[in-house]
$ cat final02.cif   # mmCIF, C-alpha atoms
data_input
loop_
_atom_site.label_atom_id
_atom_site.label_comp_id
_atom_site.auth_asym_id
_atom_site.auth_seq_id
_atom_site.Cartn_x
_atom_site.Cartn_y
_atom_site.Cartn_z
CA MET A 1 82.91 129.52 88.13
CA SER A 2 82.91 125.85 89.05
CA THR A 3 84.95 123.17 87.38
CA THR A 4 83.98 119.54 87.14
CA THR A 5 86.26 116.60 86.79
CA ALA A 6 85.61 113.48 84.78
CA GLY A 7 85.87 110.95 87.57
CA PRO A 8 83.71 108.82 89.79
CA THR A 9 81.34 110.62 92.12
CA ASP A 10 81.15 109.95 95.83
CA GLY A 11 78.57 107.19 95.44
CA GLU A 12 80.19 105.51 92.45
CA GLN A 13 83.05 103.12 92.50
CA GLN A 14 85.60 103.09 89.72
CA LEU A 15 85.65 99.52 88.45
CA LEU A 16 88.73 99.75 86.25
CA TYR A 17 91.84 101.74 86.98
CA ALA A 18 93.42 102.87 83.71
CA ALA A 19 97.02 102.39 84.85
CA ASN A 20 96.31 98.76 85.80
CA VAL A 21 94.53 98.09 82.51
CA LEU A 22 97.62 99.31 80.67
CA HIS A 23 99.76 97.09 82.88
CA ASN A 24 97.75 94.04 81.77
CA THR A 25 99.72 94.03 78.54
CA SER A 26 102.54 92.42 80.50
CA VAL A 27 100.19 89.53 81.26
CA GLN A 28 99.51 89.21 77.54
CA SER A 29 103.27 89.11 76.97
CA VAL A 30 103.62 86.27 79.48
CA LYS A 31 100.91 84.32 77.66
CA PHE A 32 102.59 84.98 74.31
CA TYR A 33 106.03 83.87 75.49
CA ALA A 34 104.59 80.76 77.14
CA ALA A 35 102.81 79.83 73.89
CA CYS A 36 105.95 80.36 71.80
CA PHE A 37 108.11 78.39 74.22
CA ALA A 38 105.56 75.56 74.34
CA GLY A 39 105.48 75.47 70.53
CA ALA A 40 109.28 75.27 70.39
CA VAL A 41 109.28 72.44 72.95
CA ALA A 42 106.52 70.50 71.17
CA GLY A 43 108.26 70.87 67.81
CA THR A 44 111.70 69.94 69.13
CA LEU A 45 110.32 66.84 70.85
CA GLY A 46 108.53 65.85 67.64
CA LEU A 47 105.08 65.75 69.20
CA GLU A 48 102.15 65.36 66.86
CA THR A 49 98.37 65.74 67.07
CA TRP A 50 96.83 65.98 70.55
CA ARG A 51 100.15 65.60 72.39
CA GLY A 52 101.36 68.91 70.99
CA PHE A 53 98.16 70.66 71.98
CA ALA A 54 98.46 69.10 75.44
CA VAL A 55 101.81 70.88 75.81
CA PHE A 56 100.08 74.13 74.87
CA ALA A 57 97.30 73.54 77.41
CA LEU A 58 99.80 72.72 80.15
CA ALA A 59 101.92 75.77 79.37
CA SER A 60 98.84 78.02 79.41
CA ALA A 61 97.64 76.57 82.71
CA PHE A 62 101.09 76.80 84.27
CA GLY A 63 101.53 80.40 83.13
CA ALA A 64 98.13 81.37 84.52
CA ALA A 65 98.89 79.64 87.83
CA ILE A 66 102.18 81.50 88.16
CA VAL A 67 100.53 84.86 87.45
CA VAL A 68 97.77 84.11 89.99
CA ALA A 69 100.22 82.98 92.65
CA VAL A 70 102.90 85.63 92.19
CA ASN A 71 101.34 88.74 90.70
CA CYS A 72 97.76 88.46 91.98
CA LYS A 73 98.70 87.06 95.40
CA GLY A 74 96.04 84.37 95.00
CA ARG A 75 93.21 86.86 94.31
CA PRO A 76 92.81 87.17 90.51
CA LYS A 77 89.25 88.56 90.82
CA ALA A 78 90.70 91.68 92.44
CA TYR A 79 92.91 92.35 89.43
CA PHE A 80 90.96 91.05 86.43
CA GLN A 81 87.28 91.37 85.56
CA GLY A 82 87.03 87.72 84.55
CA GLY A 83 89.18 86.45 87.41
CA ALA A 84 91.16 83.27 86.89
CA LEU A 85 89.16 82.36 83.77
CA GLU A 86 90.46 85.46 82.02
CA LEU A 87 94.01 84.42 82.84
CA ALA A 88 93.46 80.82 81.76
CA ASN A 89 92.05 81.86 78.36
CA PRO A 90 95.04 81.60 76.01
CA GLY A 91 93.47 83.63 73.21
CA GLN A 92 93.39 82.90 69.50
CA ASP A 93 96.53 84.89 68.70
CA ASN A 94 98.56 82.87 71.19
CA LEU A 95 97.23 79.63 69.74
CA MET A 96 98.36 80.72 66.29
CA SER A 97 101.80 81.68 67.66
CA PHE A 98 102.03 78.25 69.28
CA ILE A 99 101.20 76.49 66.00
CA LEU A 100 103.69 78.65 64.11
CA MET A 101 106.54 77.83 66.52
CA TRP A 102 105.50 74.17 66.70
CA THR A 103 105.64 73.68 62.95
CA LEU A 104 108.80 75.77 62.59
CA PHE A 105 110.77 73.80 65.17
CA TYR A 106 109.32 70.49 64.00
CA GLY A 107 110.46 71.28 60.47
CA ILE A 108 113.93 72.43 61.54
CA VAL A 109 114.69 69.53 63.87
CA HIS A 110 112.92 66.66 62.12
CA VAL A 111 113.55 67.56 58.48
CA TYR A 112 115.39 64.30 57.67
CA ASP A 113 113.41 61.87 59.86
#

$ encode --input "final02.cif" --output "structure tokens"
Amino acid sequence: MSTTTAGPTDGEQQLLYAANVLHNTSVQSVKFYAACFAGAVAGTLGLETWRGFAVFALASAFGAAIVVAVNCKGRPKAYFQGGALELANPGQDNLMSFILMWTLFYGIVHVYD
């Protein structure tokens, strides 16, 4: 009786390794914390309109650059399907977290201005 395994055959290449895909949640956590921290900074400084969103863009770009340099050793395409663009994409949920922290800290710090 022969048994077969559910894995790539000799001619196929496994594109995604399940353990690494699960590890990508730590990258999502880095993006989330960067967005929350950027929102707290923008709110504390009292930034409004495009200046606050510029802080978010800078924090997202800086976080992606750190992940590429440190974790990906300068080769993001080897670790992510979308490469550096996937890392630079902040995601809608992180944008909403940024806005939440921005308005929260703006309201706490600048309530009597």

$ residues_around --input "final02.cif" --residues "Val109 of chain A" --least-positions-apart "2" --cutoff "9 Å" --atoms "all atoms listed in the file" --output "PyMOL selection string"
chain A and resi 43-46+104-107+111-113

$ resolve_selection --input "final02.cif" --expression "the PyMOL selection byres ((chain A and resi 63) around 9)" --output "ChimeraX atom specification"
/A:30-31,34,58-62,64-68,87-88

$ write_last_selection --input "final02.cif" --atoms "C-alpha atoms" --output "tab-separated table (two decimals), keeping the file's coordinate frame"
chain	number	residue	atom	x	y	z
A	30	VAL	CA	103.62	86.27	79.48
A	31	LYS	CA	100.91	84.32	77.66
A	34	ALA	CA	104.59	80.76	77.14
A	58	LEU	CA	99.80	72.72	80.15
A	59	ALA	CA	101.92	75.77	79.37
A	60	SER	CA	98.84	78.02	79.41
A	61	ALA	CA	97.64	76.57	82.71
A	62	PHE	CA	101.09	76.80	84.27
A	64	ALA	CA	98.13	81.37	84.52
A	65	ALA	CA	98.89	79.64	87.83
A	66	ILE	CA	102.18	81.50	88.16
A	67	VAL	CA	100.53	84.86	87.45
A	68	VAL	CA	97.77	84.11	89.99
A	87	LEU	CA	94.01	84.42	82.84
A	88	ALA	CA	93.46	80.82	81.76

$ closest_residue --input "final02.cif" --among "A:Ala54, A:Ala35, A:Val27, A:Ala40" --to "Gln92 of chain A" --atoms "all atoms listed in the file"
A:Ala35

$ atom_distance --input "final02.cif" --atom1 "atom CA of His110 of chain A" --atom2 "atom CA of Thr49 of chain A"
15.4 Å

$ atom_distance --input "final02.cif" --atom1 "atom CA of Pro90 of chain A" --atom2 "atom CA of Phe56 of chain A"
9.1 Å

$ atom_distance --input "final02.cif" --atom1 "atom CA of Met101 of chain A" --atom2 "atom CA of Val70 of chain A"
27.1 Å

$ closest_residue --input "final02.cif" --among "A:Ser26, A:Asn89, A:Asn94, A:Thr103" --to "Asn71 of chain A" --atoms "only C-alpha atoms"
A:Ser26

$ residues_around --input "final02.cif" --residues "Ala42 of chain A" --least-positions-apart "4" --cutoff "6 Å" --atoms "all atoms listed in the file" --output "ChimeraX atom specification"
/A:47,52,102

$ closest_residue --input "final02.cif" --among "A:Pro76, A:Gly91, A:Gln81, A:Phe53" --to "Ser29 of chain A" --atoms "all atoms listed in the file"
A:Gly91

$ closest_residue --input "final02.cif" --among "A:Val41, A:Arg75, A:Tyr17, A:Thr25" --to "Phe98 of chain A" --atoms "all atoms listed in the file"
A:Val41

$ axis_aligned_box --input "final02.cif" --around "segment 35-51 of chain A" --padding-each-side "5 Å" --output "AutoDock Vina command-line options"
--center_x 104.3 --center_y 72.9 --center_z 70.6 --size_x 24.9 --size_y 25.0 --size_z 17.5

$ decode --input "final02.cif" --residues "segment 57-96 of chain A" --atoms "N, CA and C atoms" --output "compact mmCIF listing (two decimals), in the first residue's frame"
# COMPACT_ATOMS: atom_id res chain seq x y z
N ALA A 57 2.53 58.89 7.06
CA ALA A 57 3.27 58.40 5.90
C ALA A 57 4.75 58.19 6.24
N LEU A 58 5.33 59.12 6.98
CA LEU A 58 6.73 58.96 7.37
C LEU A 58 6.94 57.77 8.30
N ALA A 59 6.02 57.59 9.25
CA ALA A 59 6.14 56.45 10.16
C ALA A 59 5.98 55.13 9.42
N SER A 60 5.07 55.07 8.46
CA SER A 60 4.89 53.86 7.67
C SER A 60 6.12 53.56 6.82
N ALA A 61 6.67 54.59 6.19
CA ALA A 61 7.87 54.40 5.37
C ALA A 61 9.07 54.01 6.22
N PHE A 62 9.22 54.64 7.37
CA PHE A 62 10.34 54.32 8.25
C PHE A 62 10.22 52.90 8.79
N GLY A 63 9.02 52.50 9.18
CA GLY A 63 8.81 51.13 9.66
C GLY A 63 9.11 50.10 8.59
N ALA A 64 8.67 50.37 7.36
CA ALA A 64 8.94 49.44 6.25
C ALA A 64 10.44 49.38 5.95
N ALA A 65 11.12 50.52 6.02
CA ALA A 65 12.56 50.53 5.76
C ALA A 65 13.33 49.75 6.81
N ILE A 66 12.90 49.85 8.06
CA ILE A 66 13.56 49.10 9.13
C ILE A 66 13.35 47.61 8.94
N VAL A 67 12.13 47.19 8.60
CA VAL A 67 11.86 45.77 8.39
C VAL A 67 12.67 45.24 7.20
N VAL A 68 12.75 46.02 6.12
CA VAL A 68 13.53 45.59 4.96
C VAL A 68 15.01 45.48 5.32
N ALA A 69 15.53 46.45 6.03
CA ALA A 69 16.95 46.46 6.34
C ALA A 69 17.33 45.40 7.37
N VAL A 70 16.53 45.24 8.40
CA VAL A 70 16.90 44.35 9.50
C VAL A 70 16.39 42.93 9.28
N ASN A 71 15.10 42.78 9.08
CA ASN A 71 14.53 41.44 9.01
C ASN A 71 14.71 40.78 7.66
N CYS A 72 14.61 41.55 6.58
CA CYS A 72 14.70 40.97 5.24
C CYS A 72 16.11 41.03 4.66
N LYS A 73 17.02 41.61 5.39
CA LYS A 73 18.42 41.73 4.94
C LYS A 73 18.52 42.36 3.55
N GLY A 74 17.64 43.34 3.29
CA GLY A 74 17.68 44.06 2.03
C GLY A 74 17.03 43.34 0.86
N ARG A 75 16.41 42.17 1.09
CA ARG A 75 15.78 41.42 0.01
C ARG A 75 14.32 41.11 0.35
N PRO A 76 13.43 42.11 0.31
CA PRO A 76 12.04 41.86 0.71
C PRO A 76 11.30 40.91 -0.23
N LYS A 77 11.71 40.85 -1.50
CA LYS A 77 11.04 39.97 -2.47
C LYS A 77 11.20 38.51 -2.09
N ALA A 78 12.28 38.19 -1.37
CA ALA A 78 12.50 36.80 -0.94
C ALA A 78 11.59 36.40 0.21
N TYR A 79 11.03 37.38 0.90
CA TYR A 79 10.22 37.08 2.08
C TYR A 79 8.75 37.40 1.92
N PHE A 80 8.41 38.29 1.00
CA PHE A 80 7.02 38.70 0.79
C PHE A 80 6.69 38.62 -0.69
N GLN A 81 5.47 38.20 -0.99
CA GLN A 81 5.06 38.09 -2.38
C GLN A 81 5.11 39.43 -3.09
N GLY A 82 4.66 40.48 -2.42
CA GLY A 82 4.61 41.80 -3.04
C GLY A 82 5.90 42.58 -2.89
N GLY A 83 6.89 42.03 -2.21
CA GLY A 83 8.16 42.71 -2.02
C GLY A 83 8.01 43.93 -1.12
N ALA A 84 8.76 44.97 -1.43
CA ALA A 84 8.77 46.17 -0.61
C ALA A 84 7.43 46.90 -0.65
N LEU A 85 6.70 46.78 -1.75
CA LEU A 85 5.38 47.43 -1.83
C LEU A 85 4.40 46.86 -0.82
N GLU A 86 4.50 45.57 -0.55
CA GLU A 86 3.63 44.97 0.45
C GLU A 86 3.96 45.50 1.84
N LEU A 87 5.23 45.74 2.09
CA LEU A 87 5.63 46.29 3.39
C LEU A 87 5.25 47.76 3.51
N ALA A 88 5.32 48.49 2.43
CA ALA A 88 5.03 49.92 2.48
C ALA A 88 3.53 50.21 2.57
N ASN A 89 2.70 49.26 2.19
CA ASN A 89 1.25 49.44 2.26
C ASN A 89 0.82 49.42 3.72
N PRO A 90 0.32 50.55 4.24
CA PRO A 90 -0.02 50.58 5.66
C PRO A 90 -1.30 49.82 6.00
N GLY A 91 -2.20 49.70 5.07
CA GLY A 91 -3.45 48.99 5.33
C GLY A 91 -4.50 49.91 5.93
N GLN A 92 -5.75 49.62 5.65
CA GLN A 92 -6.85 50.46 6.11
C GLN A 92 -7.01 50.40 7.62
N ASP A 93 -6.81 49.24 8.21
CA ASP A 93 -6.98 49.13 9.66
C ASP A 93 -5.94 49.95 10.41
N ASN A 94 -4.73 50.02 9.89
CA ASN A 94 -3.70 50.84 10.53
C ASN A 94 -3.98 52.32 10.36
N LEU A 95 -4.56 52.70 9.24
CA LEU A 95 -4.94 54.10 9.06
C LEU A 95 -6.02 54.50 10.06
N MET A 96 -6.97 53.62 10.28
CA MET A 96 -8.02 53.92 11.26
C MET A 96 -7.46 53.98 12.68
